[in-house]
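Enquirer: The file below is input_35.txt, compact mmCIF, N, CA and C atoms:
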# COMPACT_ATOMS: atom_id res chain seq x y z
N PHE F 949 -36.72 -32.65 15.35
CA PHE F 949 -35.71 -31.66 15.70
C PHE F 949 -34.80 -31.35 14.52
N CYS F 950 -34.25 -32.38 13.90
CA CYS F 950 -33.31 -32.19 12.80
C CYS F 950 -33.98 -31.62 11.56
N GLU F 951 -35.21 -32.04 11.29
CA GLU F 951 -35.92 -31.53 10.13
C GLU F 951 -36.12 -30.02 10.22
N GLY F 952 -36.20 -29.50 11.44
CA GLY F 952 -36.35 -28.07 11.63
C GLY F 952 -35.12 -27.27 11.25
N ILE F 953 -33.97 -27.93 11.18
CA ILE F 953 -32.72 -27.25 10.80
C ILE F 953 -32.69 -27.02 9.29
N GLY F 954 -33.20 -27.99 8.55
CA GLY F 954 -33.20 -27.86 7.10
C GLY F 954 -33.13 -29.21 6.42
N GLU F 955 -33.18 -29.19 5.12
CA GLU F 955 -33.20 -30.41 4.31
C GLU F 955 -31.89 -31.19 4.49
N GLY F 956 -32.04 -32.50 4.65
CA GLY F 956 -30.89 -33.40 4.71
C GLY F 956 -30.31 -33.65 6.09
N TRP F 957 -30.80 -32.96 7.12
CA TRP F 957 -30.28 -33.15 8.48
C TRP F 957 -31.02 -34.28 9.18
N TYR F 958 -30.31 -35.08 9.97
CA TYR F 958 -30.91 -36.21 10.68
C TYR F 958 -30.03 -36.61 11.86
N LEU F 959 -30.58 -37.39 12.81
CA LEU F 959 -29.78 -37.96 13.89
C LEU F 959 -29.03 -39.16 13.33
N PRO F 960 -27.75 -39.30 13.65
CA PRO F 960 -26.99 -40.41 13.09
C PRO F 960 -27.39 -41.75 13.70
N THR F 961 -27.15 -42.81 12.94
CA THR F 961 -27.31 -44.16 13.48
C THR F 961 -26.13 -44.44 14.40
N LYS F 962 -26.19 -45.54 15.11
CA LYS F 962 -25.08 -45.95 15.97
C LYS F 962 -23.82 -46.15 15.14
N ALA F 963 -23.94 -46.80 13.99
CA ALA F 963 -22.77 -47.03 13.12
C ALA F 963 -22.21 -45.71 12.60
N GLU F 964 -23.09 -44.78 12.23
CA GLU F 964 -22.62 -43.48 11.74
C GLU F 964 -21.92 -42.69 12.85
N ALA F 965 -22.42 -42.78 14.08
CA ALA F 965 -21.79 -42.08 15.20
C ALA F 965 -20.39 -42.62 15.43
N LYS F 966 -20.23 -43.94 15.32
CA LYS F 966 -18.90 -44.53 15.47
C LYS F 966 -17.97 -44.07 14.35
N GLU F 967 -18.47 -44.01 13.13
CA GLU F 967 -17.66 -43.54 11.99
C GLU F 967 -17.30 -42.06 12.16
N LEU F 968 -18.23 -41.29 12.70
CA LEU F 968 -17.96 -39.88 12.95
C LEU F 968 -16.85 -39.73 13.98
N PHE F 969 -16.91 -40.54 15.04
CA PHE F 969 -15.84 -40.51 16.04
C PHE F 969 -14.52 -40.91 15.39
N LYS F 970 -14.54 -41.93 14.54
CA LYS F 970 -13.31 -42.38 13.87
C LYS F 970 -12.73 -41.26 13.01
N ALA F 971 -13.58 -40.55 12.28
CA ALA F 971 -13.11 -39.43 11.45
C ALA F 971 -12.55 -38.32 12.34
N TYR F 972 -13.19 -38.09 13.47
CA TYR F 972 -12.77 -37.04 14.39
C TYR F 972 -11.47 -37.39 15.11
N ASN F 973 -11.34 -38.62 15.54
CA ASN F 973 -10.24 -39.04 16.40
C ASN F 973 -9.11 -39.74 15.64
N GLY F 974 -9.34 -40.13 14.40
CA GLY F 974 -8.33 -40.85 13.64
C GLY F 974 -8.49 -42.35 13.74
N ILE F 975 -8.95 -42.84 14.87
CA ILE F 975 -9.22 -44.27 15.08
C ILE F 975 -10.41 -44.41 16.01
N TYR F 976 -11.07 -45.57 15.92
CA TYR F 976 -12.15 -45.88 16.87
C TYR F 976 -11.71 -47.07 17.72
N GLU F 977 -11.49 -48.20 17.06
CA GLU F 977 -10.98 -49.36 17.79
C GLU F 977 -9.58 -49.02 18.28
N GLY F 978 -9.35 -49.13 19.57
CA GLY F 978 -8.05 -48.81 20.14
C GLY F 978 -7.87 -47.35 20.50
N ALA F 979 -8.95 -46.56 20.41
CA ALA F 979 -8.86 -45.15 20.78
C ALA F 979 -8.53 -45.03 22.26
N THR F 980 -7.75 -44.01 22.60
CA THR F 980 -7.39 -43.77 23.99
C THR F 980 -8.64 -43.39 24.77
N LYS F 981 -8.92 -44.12 25.84
CA LYS F 981 -10.12 -43.84 26.65
C LYS F 981 -9.74 -43.02 27.88
N GLU F 982 -9.03 -41.93 27.63
CA GLU F 982 -8.62 -40.99 28.67
C GLU F 982 -9.16 -39.62 28.32
N THR F 983 -9.02 -38.68 29.25
CA THR F 983 -9.44 -37.31 28.97
C THR F 983 -8.61 -36.77 27.81
N PRO F 984 -9.14 -35.80 27.07
CA PRO F 984 -8.46 -35.32 25.87
C PRO F 984 -7.02 -34.86 26.08
N ASN F 985 -6.65 -34.41 27.26
CA ASN F 985 -5.27 -33.99 27.48
C ASN F 985 -4.30 -35.18 27.59
N LYS F 986 -4.83 -36.41 27.59
CA LYS F 986 -3.98 -37.60 27.71
C LYS F 986 -4.04 -38.50 26.48
N ILE F 987 -4.68 -38.06 25.39
CA ILE F 987 -4.71 -38.88 24.18
C ILE F 987 -3.38 -38.78 23.45
N THR F 988 -3.19 -39.65 22.47
CA THR F 988 -1.92 -39.68 21.74
C THR F 988 -1.76 -38.44 20.86
N PRO F 989 -0.52 -38.11 20.50
CA PRO F 989 -0.29 -36.99 19.57
C PRO F 989 -1.02 -37.20 18.23
N GLU F 990 -1.12 -38.44 17.77
CA GLU F 990 -1.82 -38.73 16.52
C GLU F 990 -3.32 -38.42 16.63
N GLU F 991 -3.91 -38.79 17.77
CA GLU F 991 -5.33 -38.48 18.00
C GLU F 991 -5.55 -36.98 18.09
N LYS F 992 -4.65 -36.27 18.78
CA LYS F 992 -4.77 -34.81 18.87
C LYS F 992 -4.67 -34.17 17.49
N ALA F 993 -3.76 -34.67 16.66
CA ALA F 993 -3.61 -34.12 15.30
C ALA F 993 -4.86 -34.39 14.47
N ALA F 994 -5.44 -35.59 14.59
CA ALA F 994 -6.66 -35.92 13.84
C ALA F 994 -7.79 -35.01 14.27
N ARG F 995 -7.92 -34.77 15.55
CA ARG F 995 -8.99 -33.90 16.05
C ARG F 995 -8.81 -32.46 15.58
N ALA F 996 -7.57 -31.99 15.59
CA ALA F 996 -7.30 -30.63 15.11
C ALA F 996 -7.64 -30.50 13.63
N ALA F 997 -7.29 -31.52 12.84
CA ALA F 997 -7.60 -31.49 11.40
C ALA F 997 -9.11 -31.52 11.18
N PHE F 998 -9.82 -32.37 11.94
CA PHE F 998 -11.28 -32.45 11.82
C PHE F 998 -11.92 -31.11 12.19
N ASP F 999 -11.47 -30.53 13.31
CA ASP F 999 -12.01 -29.24 13.72
C ASP F 999 -11.75 -28.17 12.67
N GLY F 1000 -10.57 -28.19 12.06
CA GLY F 1000 -10.26 -27.23 11.01
C GLY F 1000 -11.18 -27.38 9.81
N ALA F 1001 -11.46 -28.63 9.44
CA ALA F 1001 -12.39 -28.89 8.32
C ALA F 1001 -13.79 -28.41 8.66
N MET F 1002 -14.23 -28.66 9.89
CA MET F 1002 -15.56 -28.19 10.31
C MET F 1002 -15.65 -26.67 10.26
N LYS F 1003 -14.61 -26.00 10.76
CA LYS F 1003 -14.60 -24.53 10.74
C LYS F 1003 -14.62 -24.00 9.32
N SER F 1004 -13.94 -24.70 8.41
CA SER F 1004 -13.84 -24.22 7.03
C SER F 1004 -15.18 -24.21 6.30
N ILE F 1005 -16.12 -25.04 6.77
CA ILE F 1005 -17.44 -25.07 6.13
C ILE F 1005 -18.51 -24.45 7.02
N GLY F 1006 -18.09 -23.80 8.09
CA GLY F 1006 -19.05 -23.14 8.99
C GLY F 1006 -19.74 -24.09 9.93
N GLY F 1007 -19.16 -25.27 10.15
CA GLY F 1007 -19.77 -26.27 11.03
C GLY F 1007 -19.52 -25.99 12.50
N VAL F 1008 -20.20 -26.73 13.34
CA VAL F 1008 -20.07 -26.62 14.79
C VAL F 1008 -19.16 -27.74 15.27
N LEU F 1009 -18.21 -27.42 16.14
CA LEU F 1009 -17.26 -28.41 16.62
C LEU F 1009 -17.96 -29.53 17.39
N LEU F 1010 -17.41 -30.73 17.29
CA LEU F 1010 -18.00 -31.89 17.96
C LEU F 1010 -17.77 -31.89 19.46
N ASN F 1011 -16.62 -31.46 19.89
CA ASN F 1011 -16.28 -31.56 21.30
C ASN F 1011 -15.80 -30.20 21.78
N THR F 1012 -16.65 -29.48 22.46
CA THR F 1012 -16.31 -28.12 22.89
C THR F 1012 -15.83 -28.05 24.34
N MET F 1013 -15.69 -29.18 24.99
CA MET F 1013 -15.23 -29.19 26.38
C MET F 1013 -13.73 -28.88 26.44
N ALA F 1014 -13.29 -28.40 27.58
CA ALA F 1014 -11.87 -28.11 27.79
C ALA F 1014 -11.05 -29.39 27.69
N GLU F 1015 -9.77 -29.24 27.44
CA GLU F 1015 -8.88 -30.39 27.23
C GLU F 1015 -8.95 -31.43 28.35
N GLY F 1016 -9.11 -31.02 29.58
CA GLY F 1016 -9.11 -31.98 30.67
C GLY F 1016 -10.45 -32.61 30.98
N GLU F 1017 -11.50 -32.20 30.27
CA GLU F 1017 -12.84 -32.71 30.54
C GLU F 1017 -13.11 -34.00 29.79
N ASN F 1018 -14.20 -34.67 30.16
CA ASN F 1018 -14.57 -35.92 29.50
C ASN F 1018 -15.06 -35.70 28.08
N GLY F 1019 -15.71 -34.60 27.81
CA GLY F 1019 -16.16 -34.30 26.45
C GLY F 1019 -17.66 -34.32 26.29
N ASP F 1020 -18.10 -33.87 25.13
CA ASP F 1020 -19.51 -33.79 24.79
C ASP F 1020 -20.05 -35.16 24.40
N SER F 1021 -21.24 -35.49 24.87
CA SER F 1021 -21.92 -36.72 24.49
C SER F 1021 -23.06 -36.39 23.55
N CYS F 1022 -23.21 -37.19 22.50
CA CYS F 1022 -24.25 -36.94 21.50
C CYS F 1022 -25.14 -38.16 21.35
N TRP F 1023 -26.46 -37.93 21.31
CA TRP F 1023 -27.43 -38.99 21.10
C TRP F 1023 -27.42 -39.46 19.65
N THR F 1024 -27.84 -40.68 19.44
CA THR F 1024 -28.09 -41.18 18.10
C THR F 1024 -29.59 -41.42 17.95
N CYS F 1025 -29.99 -41.94 16.82
CA CYS F 1025 -31.41 -42.20 16.58
C CYS F 1025 -31.85 -43.55 17.14
N VAL F 1026 -30.97 -44.27 17.80
CA VAL F 1026 -31.28 -45.61 18.29
C VAL F 1026 -31.90 -45.52 19.69
N ASP F 1027 -33.20 -45.79 19.79
CA ASP F 1027 -33.93 -45.79 21.06
C ASP F 1027 -34.13 -47.21 21.56
N THR F 1028 -34.37 -47.32 22.87
CA THR F 1028 -34.80 -48.60 23.42
C THR F 1028 -36.29 -48.76 23.14
N GLU F 1029 -36.79 -49.96 23.33
CA GLU F 1029 -38.20 -50.24 23.02
C GLU F 1029 -39.17 -49.34 23.79
N ASP F 1030 -38.83 -49.01 25.03
CA ASP F 1030 -39.74 -48.17 25.82
C ASP F 1030 -39.63 -46.68 25.47
N GLY F 1031 -38.67 -46.31 24.63
CA GLY F 1031 -38.51 -44.93 24.22
C GLY F 1031 -37.89 -44.02 25.27
N GLN F 1032 -37.50 -44.56 26.43
CA GLN F 1032 -36.95 -43.76 27.51
C GLN F 1032 -35.43 -43.63 27.44
N LYS F 1033 -34.78 -44.52 26.73
CA LYS F 1033 -33.32 -44.51 26.66
C LYS F 1033 -32.88 -44.54 25.20
N ALA F 1034 -31.64 -44.11 24.99
CA ALA F 1034 -31.09 -44.11 23.64
C ALA F 1034 -29.58 -44.32 23.72
N TYR F 1035 -29.01 -44.72 22.62
CA TYR F 1035 -27.57 -44.91 22.52
C TYR F 1035 -26.90 -43.54 22.38
N TYR F 1036 -25.75 -43.39 23.03
CA TYR F 1036 -24.97 -42.17 22.87
C TYR F 1036 -23.49 -42.52 22.72
N ILE F 1037 -22.74 -41.57 22.20
CA ILE F 1037 -21.29 -41.70 22.12
C ILE F 1037 -20.70 -40.39 22.63
N ARG F 1038 -19.63 -40.49 23.40
CA ARG F 1038 -19.00 -39.29 23.96
C ARG F 1038 -17.73 -38.98 23.16
N PHE F 1039 -17.66 -37.77 22.68
CA PHE F 1039 -16.47 -37.26 22.00
C PHE F 1039 -15.62 -36.59 23.06
N GLY F 1040 -14.35 -36.80 23.03
CA GLY F 1040 -13.47 -36.36 24.10
C GLY F 1040 -12.88 -37.63 24.68
N LYS F 1041 -13.30 -38.01 25.86
CA LYS F 1041 -12.92 -39.28 26.46
C LYS F 1041 -13.94 -40.30 25.96
N LEU F 1042 -13.54 -41.14 25.01
CA LEU F 1042 -14.48 -42.04 24.34
C LEU F 1042 -15.26 -42.88 25.34
N SER F 1043 -16.55 -42.85 25.15
CA SER F 1043 -17.46 -43.68 25.91
C SER F 1043 -18.70 -43.87 25.05
N GLU F 1044 -19.32 -45.04 25.16
CA GLU F 1044 -20.57 -45.30 24.46
C GLU F 1044 -21.43 -46.19 25.32
N ASP F 1045 -22.72 -45.93 25.30
CA ASP F 1045 -23.61 -46.71 26.14
C ASP F 1045 -25.05 -46.32 25.79
N ILE F 1046 -25.97 -46.88 26.53
CA ILE F 1046 -27.38 -46.51 26.44
C ILE F 1046 -27.69 -45.73 27.71
N GLY F 1047 -28.30 -44.56 27.56
CA GLY F 1047 -28.60 -43.72 28.71
C GLY F 1047 -30.02 -43.22 28.70
N ASN F 1048 -30.47 -42.77 29.86
CA ASN F 1048 -31.81 -42.23 30.03
C ASN F 1048 -31.89 -40.86 29.35
N LYS F 1049 -32.81 -40.72 28.40
CA LYS F 1049 -32.92 -39.47 27.63
C LYS F 1049 -33.43 -38.31 28.47
N ASN F 1050 -34.14 -38.59 29.53
CA ASN F 1050 -34.75 -37.52 30.31
C ASN F 1050 -33.92 -37.06 31.50
N LYS F 1051 -32.85 -37.77 31.81
CA LYS F 1051 -32.05 -37.43 32.98
C LYS F 1051 -30.58 -37.31 32.64
N ALA F 1052 -30.25 -36.79 31.48
CA ALA F 1052 -28.86 -36.70 31.06
C ALA F 1052 -28.59 -35.34 30.45
N THR F 1053 -27.33 -34.99 30.42
CA THR F 1053 -26.92 -33.73 29.80
C THR F 1053 -26.16 -34.03 28.52
N ARG F 1054 -26.83 -34.63 27.58
CA ARG F 1054 -26.23 -34.93 26.29
C ARG F 1054 -26.88 -34.07 25.23
N TYR F 1055 -26.24 -33.99 24.09
CA TYR F 1055 -26.71 -33.15 22.99
C TYR F 1055 -27.42 -33.98 21.94
N ALA F 1056 -28.37 -33.37 21.27
CA ALA F 1056 -28.93 -33.95 20.05
C ALA F 1056 -28.09 -33.34 18.92
N ARG F 1057 -27.22 -34.12 18.34
CA ARG F 1057 -26.30 -33.62 17.32
C ARG F 1057 -26.76 -34.10 15.96
N CYS F 1058 -27.40 -33.24 15.22
CA CYS F 1058 -27.85 -33.58 13.87
C CYS F 1058 -26.65 -33.59 12.94
N VAL F 1059 -26.70 -34.44 11.95
CA VAL F 1059 -25.62 -34.54 10.96
C VAL F 1059 -26.20 -34.40 9.57
N LYS F 1060 -25.31 -34.08 8.64
CA LYS F 1060 -25.67 -33.97 7.23
C LYS F 1060 -24.45 -34.40 6.43
N LEU F 1061 -24.68 -35.21 5.45
CA LEU F 1061 -23.58 -35.69 4.62
C LEU F 1061 -23.08 -34.54 3.74
N VAL F 1062 -21.80 -34.22 3.84
CA VAL F 1062 -21.18 -33.19 3.03
C VAL F 1062 -19.85 -33.71 2.47
N THR F 1063 -19.40 -33.11 1.41
CA THR F 1063 -18.09 -33.44 0.84
C THR F 1063 -17.21 -32.21 0.99
N ILE F 1064 -16.05 -32.41 1.58
CA ILE F 1064 -15.08 -31.33 1.76
C ILE F 1064 -13.93 -31.60 0.81
N GLU F 1065 -13.67 -30.64 -0.03
CA GLU F 1065 -12.59 -30.82 -1.02
C GLU F 1065 -11.33 -30.15 -0.57
For this file, produce the structure as structure tokens.
Expert:
Amino acid sequence: FCEGIGEGWYLPTKAEAKELFKAYNGIYEGATKETPNKITPEEKAARAAFDGAMKSIGGVLLNTMAEGENGDSCWTCVDTEDGQKAYYIRFGKLSEDIGNKNKATRYARCVKLVTIE
């Protein structure tokens, strides 16, 4: 899927997904596990700055759900042995777990390493 987008695109690892959430939210450990309308002002500011940086390079926003929603969930490249489940992380109301790939409404979010100056 990601290779079809272009050179350098791939599904993130579990560690990269956590780092992406940290960049998006300002913190990972200790992040508010509430709907986006109940996160701290610091988390809201970090998300606004991240979204601004994404827009500046023509990127797609990580969490397009309304403020009161749980948020978008994105798959990583980490599958279970049977190939039926994979690790995901939810942007918005932080959540992470292993879920069934065939019975969920999560996104395949390809990433590419870029430098924003």
Enquirer: Just want the 7 Å neighbourhood of Leu1010 of chain F, counted on all atoms listed in the file, with same-chain residues fewer than 6 positions away dropped. Output as a list in words.
Expert: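 Near Leu1010 of chain F, the qualifying residues are Asp999, Asp1020, Phe1039 and Gly1040 of chain F.
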Enquirer: Those residues with N, CA and C atoms, as a tab-separated table (two decimals), in the frame of the given file please?
Expert:
chain	number	residue	atom	x	y	z
F	999	ASP	N	-11.47	-30.53	13.31
F	999	ASP	CA	-12.01	-29.24	13.72
F	999	ASP	C	-11.75	-28.17	12.67
F	1020	ASP	N	-18.10	-33.87	25.13
F	1020	ASP	CA	-19.51	-33.79	24.79
F	1020	ASP	C	-20.05	-35.16	24.40
F	1039	PHE	N	-17.66	-37.77	22.68
F	1039	PHE	CA	-16.47	-37.26	22.00
F	1039	PHE	C	-15.62	-36.59	23.06
F	1040	GLY	N	-14.35	-36.80	23.03
F	1040	GLY	CA	-13.47	-36.36	24.10
F	1040	GLY	C	-12.88	-37.63	24.68
Enquirer: DSSP on the backbone, then: every residue of chain F marked helix (DSSP H, G or I), written as a PDB file with N, CA and C atoms, keeping the file's coordinate frame.
Expert:
ATOM      1  N   LYS F 962     -26.190 -45.540  15.110  1.00  0.00           N
ATOM      2  CA  LYS F 962     -25.080 -45.950  15.970  1.00  0.00           C
ATOM      3  C   LYS F 962     -23.820 -46.150  15.140  1.00  0.00           C
ATOM      4  N   ALA F 963     -23.940 -46.800  13.990  1.00  0.00           N
ATOM      5  CA  ALA F 963     -22.770 -47.030  13.120  1.00  0.00           C
ATOM      6  C   ALA F 963     -22.210 -45.710  12.600  1.00  0.00           C
ATOM      7  N   GLU F 964     -23.090 -44.780  12.230  1.00  0.00           N
ATOM      8  CA  GLU F 964     -22.620 -43.480  11.740  1.00  0.00           C
ATOM      9  C   GLU F 964     -21.920 -42.690  12.850  1.00  0.00           C
ATOM     10  N   ALA F 965     -22.420 -42.780  14.080  1.00  0.00           N
ATOM     11  CA  ALA F 965     -21.790 -42.080  15.200  1.00  0.00           C
ATOM     12  C   ALA F 965     -20.390 -42.620  15.430  1.00  0.00           C
ATOM     13  N   LYS F 966     -20.230 -43.940  15.320  1.00  0.00           N
ATOM     14  CA  LYS F 966     -18.900 -44.530  15.470  1.00  0.00           C
ATOM     15  C   LYS F 966     -17.970 -44.070  14.350  1.00  0.00           C
ATOM     16  N   GLU F 967     -18.470 -44.010  13.130  1.00  0.00           N
ATOM     17  CA  GLU F 967     -17.660 -43.540  11.990  1.00  0.00           C
ATOM     18  C   GLU F 967     -17.300 -42.060  12.160  1.00  0.00           C
ATOM     19  N   LEU F 968     -18.230 -41.290  12.700  1.00  0.00           N
ATOM     20  CA  LEU F 968     -17.960 -39.880  12.950  1.00  0.00           C
ATOM     21  C   LEU F 968     -16.850 -39.730  13.980  1.00  0.00           C
ATOM     22  N   PHE F 969     -16.910 -40.540  15.040  1.00  0.00           N
ATOM     23  CA  PHE F 969     -15.840 -40.510  16.040  1.00  0.00           C
ATOM     24  C   PHE F 969     -14.520 -40.910  15.390  1.00  0.00           C
ATOM     25  N   LYS F 970     -14.540 -41.930  14.540  1.00  0.00           N
ATOM     26  CA  LYS F 970     -13.310 -42.380  13.870  1.00  0.00           C
ATOM     27  C   LYS F 970     -12.730 -41.260  13.010  1.00  0.00           C
ATOM     28  N   ALA F 971     -13.580 -40.550  12.280  1.00  0.00           N
ATOM     29  CA  ALA F 971     -13.110 -39.430  11.450  1.00  0.00           C
ATOM     30  C   ALA F 971     -12.550 -38.320  12.340  1.00  0.00           C
ATOM     31  N   TYR F 972     -13.190 -38.090  13.470  1.00  0.00           N
ATOM     32  CA  TYR F 972     -12.770 -37.040  14.390  1.00  0.00           C
ATOM     33  C   TYR F 972     -11.470 -37.390  15.110  1.00  0.00           C
ATOM     34  N   ASN F 973     -11.340 -38.620  15.540  1.00  0.00           N
ATOM     35  CA  ASN F 973     -10.240 -39.040  16.400  1.00  0.00           C
ATOM     36  C   ASN F 973      -9.110 -39.740  15.640  1.00  0.00           C
ATOM     37  N   PRO F 984      -9.140 -35.800  27.070  1.00  0.00           N
ATOM     38  CA  PRO F 984      -8.460 -35.320  25.870  1.00  0.00           C
ATOM     39  C   PRO F 984      -7.020 -34.860  26.080  1.00  0.00           C
ATOM     40  N   ASN F 985      -6.650 -34.410  27.260  1.00  0.00           N
ATOM     41  CA  ASN F 985      -5.270 -33.990  27.480  1.00  0.00           C
ATOM     42  C   ASN F 985      -4.300 -35.180  27.590  1.00  0.00           C
ATOM     43  N   LYS F 986      -4.830 -36.410  27.590  1.00  0.00           N
ATOM     44  CA  LYS F 986      -3.980 -37.600  27.710  1.00  0.00           C
ATOM     45  C   LYS F 986      -4.040 -38.500  26.480  1.00  0.00           C
ATOM     46  N   PRO F 989      -0.520 -38.110  20.500  1.00  0.00           N
ATOM     47  CA  PRO F 989      -0.290 -36.990  19.570  1.00  0.00           C
ATOM     48  C   PRO F 989      -1.020 -37.200  18.230  1.00  0.00           C
ATOM     49  N   GLU F 990      -1.120 -38.440  17.770  1.00  0.00           N
ATOM     50  CA  GLU F 990      -1.820 -38.730  16.520  1.00  0.00           C
ATOM     51  C   GLU F 990      -3.320 -38.420  16.630  1.00  0.00           C
ATOM     52  N   GLU F 991      -3.910 -38.790  17.770  1.00  0.00           N
ATOM     53  CA  GLU F 991      -5.330 -38.480  18.000  1.00  0.00           C
ATOM     54  C   GLU F 991      -5.550 -36.980  18.090  1.00  0.00           C
ATOM     55  N   LYS F 992      -4.650 -36.270  18.780  1.00  0.00           N
ATOM     56  CA  LYS F 992      -4.770 -34.810  18.870  1.00  0.00           C
ATOM     57  C   LYS F 992      -4.670 -34.170  17.490  1.00  0.00           C
ATOM     58  N   ALA F 993      -3.760 -34.670  16.660  1.00  0.00           N
ATOM     59  CA  ALA F 993      -3.610 -34.120  15.300  1.00  0.00           C
ATOM     60  C   ALA F 993      -4.860 -34.390  14.470  1.00  0.00           C
ATOM     61  N   ALA F 994      -5.440 -35.590  14.590  1.00  0.00           N
ATOM     62  CA  ALA F 994      -6.660 -35.920  13.840  1.00  0.00           C
ATOM     63  C   ALA F 994      -7.790 -35.010  14.270  1.00  0.00           C
ATOM     64  N   ARG F 995      -7.920 -34.770  15.550  1.00  0.00           N
ATOM     65  CA  ARG F 995      -8.990 -33.900  16.050  1.00  0.00           C
ATOM     66  C   ARG F 995      -8.810 -32.460  15.580  1.00  0.00           C
ATOM     67  N   ALA F 996      -7.570 -31.990  15.590  1.00  0.00           N
ATOM     68  CA  ALA F 996      -7.300 -30.630  15.110  1.00  0.00           C
ATOM     69  C   ALA F 996      -7.640 -30.500  13.630  1.00  0.00           C
ATOM     70  N   ALA F 997      -7.290 -31.520  12.840  1.00  0.00           N
ATOM     71  CA  ALA F 997      -7.600 -31.490  11.400  1.00  0.00           C
ATOM     72  C   ALA F 997      -9.110 -31.520  11.180  1.00  0.00           C
ATOM     73  N   PHE F 998      -9.820 -32.370  11.940  1.00  0.00           N
ATOM     74  CA  PHE F 998     -11.280 -32.450  11.820  1.00  0.00           C
ATOM     75  C   PHE F 998     -11.920 -31.110  12.190  1.00  0.00           C
ATOM     76  N   ASP F 999     -11.470 -30.530  13.310  1.00  0.00           N
ATOM     77  CA  ASP F 999     -12.010 -29.240  13.720  1.00  0.00           C
ATOM     78  C   ASP F 999     -11.750 -28.170  12.670  1.00  0.00           C
ATOM     79  N   GLY F1000     -10.570 -28.190  12.060  1.00  0.00           N
ATOM     80  CA  GLY F1000     -10.260 -27.230  11.010  1.00  0.00           C
ATOM     81  C   GLY F1000     -11.180 -27.380   9.810  1.00  0.00           C
ATOM     82  N   ALA F1001     -11.460 -28.630   9.440  1.00  0.00           N
ATOM     83  CA  ALA F1001     -12.390 -28.890   8.320  1.00  0.00           C
ATOM     84  C   ALA F1001     -13.790 -28.410   8.660  1.00  0.00           C
ATOM     85  N   MET F1002     -14.230 -28.660   9.890  1.00  0.00           N
ATOM     86  CA  MET F1002     -15.560 -28.190  10.310  1.00  0.00           C
ATOM     87  C   MET F1002     -15.650 -26.670  10.260  1.00  0.00           C
ATOM     88  N   LYS F1003     -14.610 -26.000  10.760  1.00  0.00           N
ATOM     89  CA  LYS F1003     -14.600 -24.530  10.740  1.00  0.00           C
ATOM     90  C   LYS F1003     -14.620 -24.000   9.320  1.00  0.00           C
ATOM     91  N   SER F1004     -13.940 -24.700   8.410  1.00  0.00           N
ATOM     92  CA  SER F1004     -13.840 -24.220   7.030  1.00  0.00           C
ATOM     93  C   SER F1004     -15.180 -24.210   6.300  1.00  0.00           C
TER      94      SER F1004
END
Enquirer: Kindly indicate which residue among F:Gly978, F:Gly952, F:Gly1047, F:Pro960 lies nearest to Cys1025 of chain F, using only C-alpha atoms for the distances.
Expert: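 For Cys1025 of chain F, the nearest of the candidates is F:Pro960.
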Enquirer: Name the closest residue to Lys1051 of chain F among the candidates F:Pro984, F:Arg1038, F:Lys1033, F:Glu951; distances are taken between atoms, counting only C-alpha atoms.
Expert: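 Smallest separation from Lys1051 of chain F among the options: F:Lys1033.
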Enquirer: Let's see if you can do this: from backbone DSSP, list all strand (DSSP E) residues in chain F, as a list in words.
Expert: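 Selection result, strand (DSSP E) within chain F: Ser1021, Cys1022, Trp1023, Thr1024, Cys1025, Val1026, Asp1027, Lys1033, Ala1034, Tyr1035, Tyr1036, Ile1037, Arg1038, Ser1043, Glu1044, Asp1045, Ile1046, Gly1047, Asn1048, Tyr1055 and Ala1056 of chain F.
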Enquirer: Rank F:Ile975, F:Cys1022, F:Ala993, F:Ile1005 by their smallest atom-to-atom distance to Cys1058 of chain F, using all atoms listed in the file, and report the top residue only.
Expert: F:Cys1022
Enquirer: Please compute the atom C of Gly974 of chain F-atom C of Asn1018 of chain F distance, one decimal, in Å.
Expert: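 According to the coordinates, atom C of Gly974 of chain F and atom C of Asn1018 of chain F are separated by 17.1 Å.
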Enquirer: Near Glu991 of chain F, counting only C-alpha atoms, which residues have an atom at most 12 Å away, once you skip same-chain residues fewer than 6 positions from it, shown as a list in words?
Expert: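 Counting only the stated atoms, we get Phe969, Lys970, Ala971, Tyr972, Asn973, Gly974, Ile975, Tyr976, Gly978, Ala979, Thr980, Lys981, Glu982, Thr983, Pro984, Asn985, Ala997, Phe998, Phe1039, Gly1040, Lys1041 and Leu1042 of chain F.
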Enquirer: Interatomic distance between atom CA of Lys962 of chain F and atom N of Met1002 of chain F?
Expert: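 Separating atom CA of Lys962 of chain F from atom N of Met1002 of chain F is a distance of 21.3 Å.
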Enquirer: Between atom N of Thr1012 of chain F and atom CA of Thr1063 of chain F, what is the spacing in Å?
Expert: 22.0 Å
Enquirer: Kindly extract all protein, DNA and RNA residues lying within 6 Å of the coordinates (-29.6, -34.9, 9.8) given in the file, considering only C-alpha atoms, and supply them as a PyMOL selection string.
Expert: chain F and resi 950+956-959+1058-1060
Enquirer: For segment 995-1012 of chain F, I'd like the enclosing box, axis-aligned and padded by 6 Å on every side, reported as AutoDock Vina command-line options with centre and edge lengths in Å to one decimal.
Expert:
--center_x -13.7 --center_y -29.0 --center_z 15.2 --size_x 24.9 --size_y 23.6 --size_z 30.2
Enquirer: For Val1062 of chain F, which residue out of F:Tyr1036, F:Asp1030, F:Gly1007, F:Thr988 is the nearest one, using only C-alpha atoms?
Expert: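 Distance minimum relative to Val1062 of chain F lands on F:Gly1007.
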Enquirer: Identify which of the residues F:Thr961, F:Ser1004, F:Asn1011, F:Ser1021 lies closest to Thr1053 of chain F, counting all atoms listed in the file when measuring atom-to-atom distances.
Expert: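 When distances to Thr1053 of chain F are compared using all atoms listed in the file, the smallest one comes from F:Ser1021.
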